[in-house]
Structures are given as C-alpha cells and as structure tokens.
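Peer 1: Next up is a structure, given as structure tokens.
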Amino acid sequence: MALRLSTPVAKVLYALLFNLALPLALWVWAQAVDVNVAAPAIVAPGIGRALLVLGALLVLAGMASLRVQGGGLPMNPWPPARFVARGVYALVAHPIYLGFTLACAGLSLVVGSAAGLWLVTPVVALSAAALVYGYEGIDLERRFGPRTSPVLLHLPLDGPERPGLLERGGALVVLLVSFMAAGKLLTLAGLSTRVGAAAPLPHTVLTALSVLALLLARTRGDVRAMVTRSWLGALVVALLLLVGPGGPWGGTWPVRIGVVLPTLMALVGAPLWRAPVLMAAVSVAALFVQAFAFDATIAEQVITVSAGLVATGRACIWSVLRELAERVASSWRDWRVGPVRVINHGSIGALGCGVGVLALATLVGPAHAWTVFGATMAAIVGAALWAQLVEGSPALARPYGFFGGMLGMIAFALVAPAFGTPTWLLLGATATAAPVIQGVARLRCVANGCCHGAPCARDIGIIYRHPMTRPVRLAGLAGVPLYPTQLSSSLGNVVIAAVLVRLWAAHAPLALIAGLYLVLMGLARFVEEAWRGEPQTPVYSGLRLYQWVSLACVVAGAIITCVPGSPAAPTPAFSVAALQATLAFMAVTWVIASVDFPGSSARFARLA
C-alpha cells in the first residue's frame, strides 16, 4: 500500500531535505571527492566569510519575501499563490539560489576546500540554473505570464522600450562583476600561462568604450543583447582555453585573461553604436589597443576575435544552424528492395557513432580497441531494450533509448576485466567520448524526428512535413515549428566534451571523469527534456520521466566522483586496431539504423 503523507508532514520533510539534508550532503561530497580534485586550494577567510554572510542574507530575504508577499513558502510542489517582484526579488531574480551558491563558495574559501570551490560550487550553480530553465521558469510563466517588471542585477528584459538609468546601471554591474569573476577563476584555474597585469590607461579605455555603448543603448533589447553577447563570448573564451593548442587532447594558450576579456567586452558592445562607421571604428580601436598597448600575443588576438565573432554573430549563426537542421529534418529518403527498406538517415547515426567510437578506442589504447567494439554493441542492446520496456509503443518498432545504452555500456564495463580491460579505463573513456557520440549522432534524431521539441515560435523552431518522421506520424505536428532540442543538445555536448577532454589531458582520476559526465549530462538533459514535446513520455509529479532519470544520474555521478584509488587517465594512442573496431561498429550501426522490413509485424522489424 502506497504511503500517503499529509501536506503539513510533506512540507516539513521537504524543508528538511533542502535546508538540512542537501547542505549536509554537499559538505560530505566536498570532503569525499577532495582526494580526486587536483585543482589549487584557496584559503581566503575574509572574502569567504563575506560571501557566506551575503549568501545567507539573500536566502533569508528571499524566503521572507515569498512568505510575506507571495503568501507561500519556497517549495516548488506548493508554490506561492502570488508572483513576487518586490523587495530582494527586484534586486536579483533568484535570491535563494544565488545566495546558496555564494554561501557554498564562501564556505569553500573559509576552509580552503579545492573540491568545494572548483567542483561542488559550480555544480550547485548549474543545478540552480537547470531547475530554473528546466522547470521553475516555465511554471512561473505558465501561471503568471511573462515578467514585466525589471530586475536590477539580472539579465535585462527584452523589448523596444527605452531602458531606465537603473536598468543600464544594473546591467553594467552584472557585466563587470561577471567578467571580473570569470577572469579571476580562469586565471586561478591555471588556464593561462602568460602572467601580466593590464596597463591601467588602455584597460580604462576599453572599459570606457563598453560603458559608453551601454549608456547609449536605445532599447531594453539592446542592453539585453550586450549582456548575452558578453556572456556567450566569455563562454567561447573558456572553451578555447580548455582545448588549447598544446596537443590534440588539450593544452594551454599563452594568454592574459585581463587582456582578452576587456577587449572582448568592447567588441561585443560595438554593435550598439548603430552607425556602421562608428561600429567599425570602435572595433578597430579595441583591437588596436589590445595589439599595441598590451603587446598582445597572436593567441590572445585569435581568442578575442574568435569569441567576438561568435558573440556578435550569434543570431546569424543560430539562424544558419536552425536552417541546416530544418533541411536535415526534411531529408528523409528510403529505397525498397523486395521486403527490405533502406532509410538514408542511418548513415548519419553511423557517422556520429564512428567519430565517437574512434575517440573512445584511441583513449583506451590499442590493447583494448576491440573491447570497445563489444562495449558499444552492449550499448546498442541496452538502448533497444530500454526503448521497448520503457516506451513500449508498437508504433515505435525499433527505437533506441539513450539511458538504456548507457546502462548497457556500464554493465559491459563491469565484466570488461574478463577481456583484459580495466573497468575504470572503459568507464572514463566512454564518459569522455560520449558527448562526441551523442553530439554528432543527434543529427540522425533531427532527420528521424525523435527527441523533438514542443511547439514554439517560427524564428526559433524547425518544421517537419515528411509523413514518416516522428513529429508527423506520432505527434500530429506536421507544419508546426518545434524547438530544435536535438540541435541544442549537440551544442551542450560540445561544452561537456571540452570539460572532460581537458580533465583527460590533465590525467585526472577516471572516477572523477566518469562521475562528472553523469552530473553534467544529467543537468543538461533535465533542461532539454523540459522543452521536448514527445507525447509518449509520461509525466510524474510535474516532471517528465527522463527528468527524474536525469536527476538520478546527477546523484549517481556525484557518488562516483568520490570513489578513491581509480587510476589516472592515460595518454591517448591512435592505432590501426582502433580504426578497424570503429569501421566494424559503423557497419553494424548503419545496418540497424538504416535497414528494416516495413511489411513485417515482428518486434524490432521496423524502424518506422
């Protein structure tokens, strides 16, 4: 008989979970995983205590506002009845999450915990963001509509209205604080080797250009665009630093963060000057200051220009990617040979799996290349069984479930020592290669229509029209713009791959790599699932099934990162055996993803 709890008891348990059990679990995690984290421990009691106090005040102020102004408690299952936009919520949009993250960082600095600062705190921040974008923000907009009141220290509202001075000032504070924090963290993380302070006068000139552009912005949309461009540019800088030119699996650019980020901020502010001549003049001036006043290296210039181009051209880049995805979504072709049908998009899946499996076989080394073939075959079996057992629709005759593939790979890794391959080596290599496999293979999902998104605006979504694609055949969404969740998943996997490749290059413990993949993948998948629109996925307690599975992956990944004594990631070694195993697996993948028997009613006979 199911246990039924009264609402008061459930609220008490919920409060204990998030106010006592969760902080305690994070403390235990930081202590246990510290043995696997080689990042520098920083002891700064003064700054740490200040962050701890500030964080605690934000949390308490947020809870009080929700109780007094919202008429409820900070509990997602029982949300406040009224939207809160005053008090601390007019200062920051999510004071409880921000405060808790600051408190984690502060405590880590007080006690000098490397794991707390470099692992636990970032995961807490990412988890809060995942909860906001994967559930809470969607629920708030559904219940109260789009937010209309600005938040001082937050991403500005979008729209044609002229921003007030406080909105401009808040955006400036957000930009300066986030860039200073990013620069300090990237420097402390050792991602730059060229140490040198920026000259005061040129640094001031670059900052002044950015500030002036922000103050001259005509609309709220302009201010918002500058902030989002700046953050995207900083992300690109971080990714380039992670996979530097020191080798195919990582390295370190000889750069000064204090030179790159100010120049980048001036570049992304240039479009706000409206007049093309002024835009060009500001961009040239910024690059001139970087090149001559700072004596910038080629690497510093390449990183700055690359990040600036991506950030300022993000709308154009996204439009191109979306249009390409829509072409792939309309690319279904098939050929009949008697009872056999060959579908074209299986070649995309084979290519994606081939790229990832080659990376996986290279990571484990030539002695274990053919073990990789067995492991990937186990992943296919697991993916097929998961889709049948969990989704189970007769219309999905031969679907494949990602989480089932992951379980199949883990099961094989546990018996891999019988074939001479250490379990941790296979798990760590699989975790590092998995974002590559999924990132490329998602293109098959675009062509087939699986993992498709929910309806959205035309300038964001992609349209399916072919009757054999999943959105048309199963969801009845022909001609309706859908969120390109497969495309956003691929982009997210690029970020995850960069982090894990860097850890492998640094010869991090394999348990840390394997566990961190589950954590990052789980958080990314939690958000992705919120924007998907597949009708067959069940919903439990407000969350889709795979959101619950994603949360389980985050917890399991955190536990795995704590396992002591796992070997360090070895140096990758390409081999002929790796290429042979890859080609063999690509052939198998092509057959199972392309060839079916549409006239048969047998299980697994049909792909569509």
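Residue numbering restarts at 1 in every chain; chains get A, B, ... in the order shown in the structure tokens, and ligands count up from 1 in that same order.
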As a PyMOL selection string, please: every residue in region 273-486 of chain A that DSSP puts in strand (DSSP E).
Peer 2: chain A and resi 334-337+340-343
Peer 1: Output the selection as a PDB file, in the first residue's frame - N, CA and C atoms for each residue.
Peer 2:
```pdb
ATOM      1  N   ASP A 334      14.010   6.925 -48.640  1.00  0.00           N
ATOM      2  CA  ASP A 334      14.121   5.482 -48.455  1.00  0.00           C
ATOM      3  C   ASP A 334      13.989   4.779 -49.795  1.00  0.00           C
ATOM      4  N   TRP A 335      14.557   3.575 -49.845  1.00  0.00           N
ATOM      5  CA  TRP A 335      14.541   2.765 -51.055  1.00  0.00           C
ATOM      6  C   TRP A 335      14.083   1.356 -50.685  1.00  0.00           C
ATOM      7  N   ARG A 336      13.296   0.735 -51.562  1.00  0.00           N
ATOM      8  CA  ARG A 336      12.774  -0.607 -51.325  1.00  0.00           C
ATOM      9  C   ARG A 336      13.478  -1.602 -52.240  1.00  0.00           C
ATOM     10  N   VAL A 337      13.864  -2.738 -51.661  1.00  0.00           N
ATOM     11  CA  VAL A 337      14.398  -3.872 -52.410  1.00  0.00           C
ATOM     12  C   VAL A 337      13.640  -5.096 -51.916  1.00  0.00           C
ATOM     13  N   VAL A 340      12.770  -5.469 -48.141  1.00  0.00           N
ATOM     14  CA  VAL A 340      13.751  -4.686 -47.383  1.00  0.00           C
ATOM     15  C   VAL A 340      13.629  -3.209 -47.736  1.00  0.00           C
ATOM     16  N   ARG A 341      13.711  -2.365 -46.702  1.00  0.00           N
ATOM     17  CA  ARG A 341      13.734  -0.920 -46.909  1.00  0.00           C
ATOM     18  C   ARG A 341      15.039  -0.363 -46.346  1.00  0.00           C
ATOM     19  N   VAL A 342      15.666   0.535 -47.084  1.00  0.00           N
ATOM     20  CA  VAL A 342      16.887   1.210 -46.626  1.00  0.00           C
ATOM     21  C   VAL A 342      16.570   2.693 -46.465  1.00  0.00           C
ATOM     22  N   ILE A 343      16.797   3.220 -45.261  1.00  0.00           N
ATOM     23  CA  ILE A 343      16.499   4.625 -44.945  1.00  0.00           C
ATOM     24  C   ILE A 343      17.811   5.395 -44.880  1.00  0.00           C
TER      25      ILE A 343
END
```
Peer 1: For Glu529 (chain A), work out the shell of residues within 8 Å, counting only C-alpha atoms and skipping chain neighbours fewer than 3 positions away, then give it as a list in words.
Peer 2: Gly134, Arg525, Phe526, Arg532, Arg544, Tyr546 and Gln547 of chain A
Peer 1: When DSSP is applied to the backbone of this structure, which of region 159-266 of chain A are assigned helix (DSSP H, G or I)? Write them out as a PyMOL selection string.
Peer 2: chain A and resi 165-188+200-215+220-242+257-266
Peer 1: Suppose we keep C-alpha atoms; can you now write the selection as a PDB file, in the first residue's frame?
Peer 2:
```
ATOM      1  CA  LEU A 165      19.181  54.522 -15.803  1.00  0.00           C
ATOM      2  CA  LEU A 166      18.870  51.885 -13.080  1.00  0.00           C
ATOM      3  CA  GLU A 167      18.450  49.158 -15.691  1.00  0.00           C
ATOM      4  CA  ARG A 168      21.561  50.326 -17.519  1.00  0.00           C
ATOM      5  CA  GLY A 169      23.494  50.560 -14.265  1.00  0.00           C
ATOM      6  CA  GLY A 170      22.358  47.125 -13.157  1.00  0.00           C
ATOM      7  CA  ALA A 171      23.415  45.602 -16.475  1.00  0.00           C
ATOM      8  CA  LEU A 172      26.801  47.313 -16.159  1.00  0.00           C
ATOM      9  CA  VAL A 173      27.307  45.935 -12.650  1.00  0.00           C
ATOM     10  CA  VAL A 174      26.308  42.452 -13.812  1.00  0.00           C
ATOM     11  CA  LEU A 175      28.756  42.634 -16.711  1.00  0.00           C
ATOM     12  CA  LEU A 176      31.690  43.968 -14.719  1.00  0.00           C
ATOM     13  CA  VAL A 177      31.204  41.587 -11.802  1.00  0.00           C
ATOM     14  CA  SER A 178      30.698  38.542 -14.015  1.00  0.00           C
ATOM     15  CA  PHE A 179      33.727  39.388 -16.175  1.00  0.00           C
ATOM     16  CA  MET A 180      35.958  40.054 -13.180  1.00  0.00           C
ATOM     17  CA  ALA A 181      34.825  36.823 -11.554  1.00  0.00           C
ATOM     18  CA  ALA A 182      35.311  34.867 -14.790  1.00  0.00           C
ATOM     19  CA  GLY A 183      38.762  36.339 -15.308  1.00  0.00           C
ATOM     20  CA  LYS A 184      39.838  35.564 -11.756  1.00  0.00           C
ATOM     21  CA  LEU A 185      38.540  31.987 -11.907  1.00  0.00           C
ATOM     22  CA  LEU A 186      40.164  31.269 -15.288  1.00  0.00           C
ATOM     23  CA  THR A 187      43.470  32.627 -14.017  1.00  0.00           C
ATOM     24  CA  LEU A 188      43.312  30.694 -10.733  1.00  0.00           C
ATOM     25  CA  PRO A 200      45.871  50.946 -16.453  1.00  0.00           C
ATOM     26  CA  LEU A 201      45.238  53.532 -19.203  1.00  0.00           C
ATOM     27  CA  PRO A 202      44.480  51.111 -22.100  1.00  0.00           C
ATOM     28  CA  HIS A 203      42.387  48.985 -19.751  1.00  0.00           C
ATOM     29  CA  THR A 204      40.391  52.092 -18.813  1.00  0.00           C
ATOM     30  CA  VAL A 205      39.896  52.995 -22.479  1.00  0.00           C
ATOM     31  CA  LEU A 206      38.437  49.563 -23.295  1.00  0.00           C
ATOM     32  CA  THR A 207      36.159  49.637 -20.258  1.00  0.00           C
ATOM     33  CA  ALA A 208      35.009  53.162 -21.116  1.00  0.00           C
ATOM     34  CA  LEU A 209      34.057  52.079 -24.640  1.00  0.00           C
ATOM     35  CA  SER A 210      31.881  49.313 -23.197  1.00  0.00           C
ATOM     36  CA  VAL A 211      30.273  51.542 -20.582  1.00  0.00           C
ATOM     37  CA  LEU A 212      29.546  54.293 -23.103  1.00  0.00           C
ATOM     38  CA  ALA A 213      27.940  51.837 -25.519  1.00  0.00           C
ATOM     39  CA  LEU A 214      25.730  50.510 -22.742  1.00  0.00           C
ATOM     40  CA  LEU A 215      24.677  54.000 -21.674  1.00  0.00           C
ATOM     41  CA  ARG A 220      15.923  47.253 -23.419  1.00  0.00           C
ATOM     42  CA  GLY A 221      16.601  44.721 -26.149  1.00  0.00           C
ATOM     43  CA  ASP A 222      19.925  46.428 -26.900  1.00  0.00           C
ATOM     44  CA  VAL A 223      21.009  46.228 -23.269  1.00  0.00           C
ATOM     45  CA  ARG A 224      19.948  42.604 -23.034  1.00  0.00           C
ATOM     46  CA  ALA A 225      21.781  41.785 -26.256  1.00  0.00           C
ATOM     47  CA  MET A 226      25.044  43.213 -24.953  1.00  0.00           C
ATOM     48  CA  VAL A 227      24.853  41.174 -21.758  1.00  0.00           C
ATOM     49  CA  THR A 228      24.009  37.938 -23.569  1.00  0.00           C
ATOM     50  CA  ARG A 229      26.725  38.571 -26.179  1.00  0.00           C
ATOM     51  CA  SER A 230      29.261  39.202 -23.447  1.00  0.00           C
ATOM     52  CA  TRP A 231      28.393  36.027 -21.584  1.00  0.00           C
ATOM     53  CA  LEU A 232      28.479  33.977 -24.779  1.00  0.00           C
ATOM     54  CA  GLY A 233      31.834  35.476 -25.681  1.00  0.00           C
ATOM     55  CA  ALA A 234      33.226  34.634 -22.242  1.00  0.00           C
ATOM     56  CA  LEU A 235      31.973  31.061 -22.655  1.00  0.00           C
ATOM     57  CA  VAL A 236      33.749  30.781 -26.006  1.00  0.00           C
ATOM     58  CA  VAL A 237      36.934  32.107 -24.413  1.00  0.00           C
ATOM     59  CA  ALA A 238      36.685  29.497 -21.666  1.00  0.00           C
ATOM     60  CA  LEU A 239      36.110  26.686 -24.191  1.00  0.00           C
ATOM     61  CA  LEU A 240      39.097  27.781 -26.284  1.00  0.00           C
ATOM     62  CA  LEU A 241      41.254  27.874 -23.168  1.00  0.00           C
ATOM     63  CA  LEU A 242      40.109  24.387 -22.190  1.00  0.00           C
ATOM     64  CA  ILE A 257      42.797  36.926 -19.233  1.00  0.00           C
ATOM     65  CA  GLY A 258      42.963  40.570 -18.155  1.00  0.00           C
ATOM     66  CA  VAL A 259      43.725  41.492 -21.771  1.00  0.00           C
ATOM     67  CA  VAL A 260      41.295  39.191 -23.570  1.00  0.00           C
ATOM     68  CA  LEU A 261      38.111  39.854 -21.587  1.00  0.00           C
ATOM     69  CA  PRO A 262      38.181  43.698 -21.601  1.00  0.00           C
ATOM     70  CA  THR A 263      38.821  43.731 -25.349  1.00  0.00           C
ATOM     71  CA  LEU A 264      36.034  41.209 -25.866  1.00  0.00           C
ATOM     72  CA  MET A 265      33.621  43.368 -23.873  1.00  0.00           C
ATOM     73  CA  ALA A 266      34.447  46.372 -26.071  1.00  0.00           C
TER      74      ALA A 266
END
```
Peer 1: So that each row is one residue of region 129-211 of chain A with an atom at most 12 Å from region 497-511 of chain A, can you give its shortest atom pair and the distance in Å to one decimal, using only C-alpha atoms, rows by chain and rising number, as a Markdown table?
Peer 2:
```
| residue | atom | partner | partner_atom | distance |
| --- | --- | --- | --- | --- |
| A:Ala189 | CA | A:Arg502 | CA | 11.9 |
| A:Gly190 | CA | A:Ala506 | CA | 11.5 |
| A:Leu191 | CA | A:Arg502 | CA | 10.3 |
```
Peer 1: Hey, what's within 9 Å of region 482-489 of chain A if we count only C-alpha atoms and toss same-chain stuff fewer than 3 positions away? As a PyMOL selection string, please?
Peer 2: chain A and resi 321-322+325-326+438-439+442-443+445-446+449-458+460-464+471+477+492-494+524-525+528-529+531-533
Peer 1: So that I have them on file, write out the residues from the current selection with C-alpha atoms, as a compact mmCIF listing (two decimals), in the first residue's frame.
Peer 2:
```
# COMPACT_ATOMS: atom_id res chain seq x y z
CA LEU A 321 22.28 26.16 -37.79
CA ARG A 322 18.49 26.15 -37.49
CA ALA A 325 18.66 21.43 -39.07
CA GLU A 326 15.38 22.04 -40.88
CA GLN A 438 25.72 11.94 -28.86
CA GLY A 439 26.59 15.37 -30.25
CA ARG A 442 21.83 13.80 -32.70
CA LEU A 443 21.74 14.73 -36.39
CA CYS A 445 17.48 12.38 -34.38
CA VAL A 446 16.87 15.56 -36.39
CA GLY A 449 12.27 13.46 -35.69
CA CYS A 450 12.89 11.57 -32.46
CA CYS A 451 13.66 13.64 -29.34
CA HIS A 452 11.77 16.52 -31.00
CA GLY A 453 10.76 19.66 -29.18
CA ALA A 454 7.45 21.22 -28.24
CA PRO A 455 5.73 23.87 -30.43
CA CYS A 456 7.42 27.28 -30.43
CA ALA A 457 7.86 30.48 -32.47
CA ARG A 458 8.77 30.14 -36.15
CA ILE A 460 13.27 29.51 -33.30
CA GLY A 461 11.74 26.22 -34.35
CA ILE A 462 12.15 23.73 -37.16
CA ILE A 463 9.26 22.27 -39.18
CA TYR A 464 8.63 18.62 -40.06
CA PRO A 471 6.54 14.52 -35.12
CA LEU A 477 2.68 18.17 -35.51
CA GLY A 492 25.53 21.36 -24.97
CA ASN A 493 27.54 18.24 -25.63
CA VAL A 494 30.30 20.40 -27.13
CA ALA A 524 21.79 19.28 -19.45
CA ARG A 525 19.25 16.54 -20.11
CA GLU A 528 16.41 19.58 -22.61
CA GLU A 529 13.53 17.36 -21.53
CA TRP A 531 11.42 21.67 -23.94
CA ARG A 532 10.68 18.37 -25.67
CA GLY A 533 7.24 17.51 -27.00
```
Peer 1: Using only C-alpha atoms, pick whichever of A:Asp34, A:Ile592, A:Met75, A:Gly164 has the shortest atom-to-atom distance to Trp118 (chain A).
Peer 2: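 Counting only C-alpha atoms, the residue closest to Trp118 (chain A) is A:Asp34.
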Peer 1: Which neighbours of Phe144 (chain A) fall inside 10 Å, counting only C-alpha atoms, when residues of the same chain fewer than 2 positions from it are skipped, and could you give them as a list of chain:residue names?
Peer 2: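 After dropping sequence-adjacent residues, the list is A:Ala81, A:Arg82, A:Phe83, A:Asp139, A:Leu140, A:Glu141, A:Arg142, A:Pro146, A:Arg147.
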Peer 1: Using only C-alpha atoms, find the one residue out of A:Gly71, A:Thr421, A:Val35, A:Gly159 that sits nearest to Thr561 (chain A).
Peer 2: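 Of the candidates, the smallest distance to Thr561 (chain A) is held by A:Val35.
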Peer 1: Please report the interatomic distance between CA of Ala128 (chain A) and CA of Tyr97 (chain A) in Å with one decimal.
Peer 2: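 So the two atoms, CA of Ala128 (chain A) and CA of Tyr97 (chain A), lie 6.0 Å apart.
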